[in-house]
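Visitor: First the structure, then my questions, so here it is.
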Amino acid sequence: MTYIQEYLKKHGFEAFRPKAVLFDMDGVLYDSMPNHAVAWQQSMASFGIRMTANDAYATEGARGIDTIRMMVKKQKGRDIDEAEAQRMYDEKTRLFHMMPKPVVMPGILSLMAQMKAGDLAIGVVTGSGQRPLIQRLLEDFGDYLDESRITTAYDVTRGKPAPDPYLMGMQRVGNVQPWETVVVENAPLGVMAGTAAKAFTIAVNTGPLPNEVLLQAGADLLLQKMPLLSKQWQHFIQGDLDCQIRTR
């Protein structure tokens, strides 16, 4: 059984007809997760919260305020409201923007060029909502993306791993259906969100987490590094991707 047949069987769909691709941002479009990990650790430490680099990678994709409220509850045993969490997140944002500008992930631009040539709509679904990051998306990917196709943390009430962000993303790229949608993610919570939205979800492991973590989150396909996805994209669309690059 091919990976596409497995996907169709899992969700009870009759056919897989891609019309749109929804990308996560950090760790997928930009090699930004090392900076985020440092900013998370330093900012949370200033509030008496211990957060490791692995914590940052494991919770990547969720709304920042949700991550903070979860960490405070876990370590301090108290519930904080969104306003307090937002103040803490603002400090994390401040530290992140003091760091060197992250580079575009290798392979992304060539991948998007292939998608555009194939008449696929392109969108971004991110747990971030910072205006400078959104502006940079438009500057770097303006040939493939406009602001109406960007879904941020502030566009949904429930962030990843809930399906809401990707369901919203499907609406914004043209009201496509799940079986018409490919999600590209690098984090377990994002993979869970894409799978919950019933999109075909590709995990590209650009960070330090074990492959098994992404597979257990429900990825339909797993690859190592973004240039490999760009190189293999036409094979993926045709349904004949080399199964040796899958670890599921």
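Letters A, B, ... mark the chains of the structure tokens in the order given; residue numbers begin at 1 per chain; ligand numbers begin at 1, in order shown.
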Pull the closest atom pair for each residue of range 135-160 of chain A that gets at most 6 Å from range 55-76 of chain A, along with the distance in Å to one decimal, counting only C-alpha atoms, ordering rows by chain and then ascending residue number, as CSV.
Guide:
residue,atom,partner,partner_atom,distance
A:Ala153,CA,A:Arg63,CA,5.6
A:Gly159,CA,A:Arg63,CA,5.5
A:Lys160,CA,A:Ala62,CA,4.8
Visitor: Can you write out the residues you just picked, keeping all heavy atoms, as a tab-separated table (two decimals), in the first residue's frame?
Guide:
chain	number	residue	atom	x	y	z
A	153	ALA	N	-1.34	33.20	14.86
A	153	ALA	CA	-1.87	32.83	16.17
A	153	ALA	C	-3.10	33.63	16.54
A	153	ALA	O	-3.95	33.17	17.31
A	153	ALA	CB	-0.78	33.02	17.23
A	159	GLY	N	-5.03	27.07	19.07
A	159	GLY	CA	-3.85	26.88	18.24
A	159	GLY	C	-3.52	25.41	18.05
A	159	GLY	O	-4.24	24.52	18.51
A	160	LYS	N	-2.41	25.16	17.36
A	160	LYS	CA	-1.93	23.80	17.20
A	160	LYS	C	-1.68	23.20	18.59
A	160	LYS	O	-1.23	23.92	19.47
A	160	LYS	CB	-0.61	23.79	16.40
A	160	LYS	CG	-0.71	24.44	15.03
A	160	LYS	CD	0.67	24.57	14.39
A	160	LYS	CE	0.62	25.36	13.10
A	160	LYS	NZ	1.94	25.54	12.47
Visitor: If you run DSSP on the backbone here, which positions in range 110-192 of chain A get strand (DSSP E)? Please write them as number ranges by chain.
Guide: A: 121-125, 150-151, 181-185
Visitor: Write out as a list of chain:residue names which residues come within 9 Å of Leu22 in chain A when counting only C-alpha atoms, dropping same-chain ones fewer than 4 positions away.
Guide: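 Close residues of Leu22 in chain A: A:Ala121, A:Ile122, A:Gly123, A:Val124, A:Val125, A:Tyr166, A:Gly169, A:Met170, A:Val173, A:Thr181, A:Val182, A:Val183, A:Val184, A:Glu185.
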Visitor: Choose the residue, out of A:Leu228, A:Val213, A:Ala113, A:Ala187, that has the smallest atom-to-atom separation from Gly142 in chain A; count only C-alpha atoms.
Guide: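 Nearest candidate to Gly142 in chain A out of A:Leu228, A:Val213, A:Ala113, A:Ala187: A:Ala113.
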Visitor: Which distance in Å separates CA of Arg94 in chain A and CA of Ala39 in chain A, to one decimal?
Guide: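 If I compute the distance from CA of Arg94 in chain A to CA of Ala39 in chain A, I get 8.5 Å.
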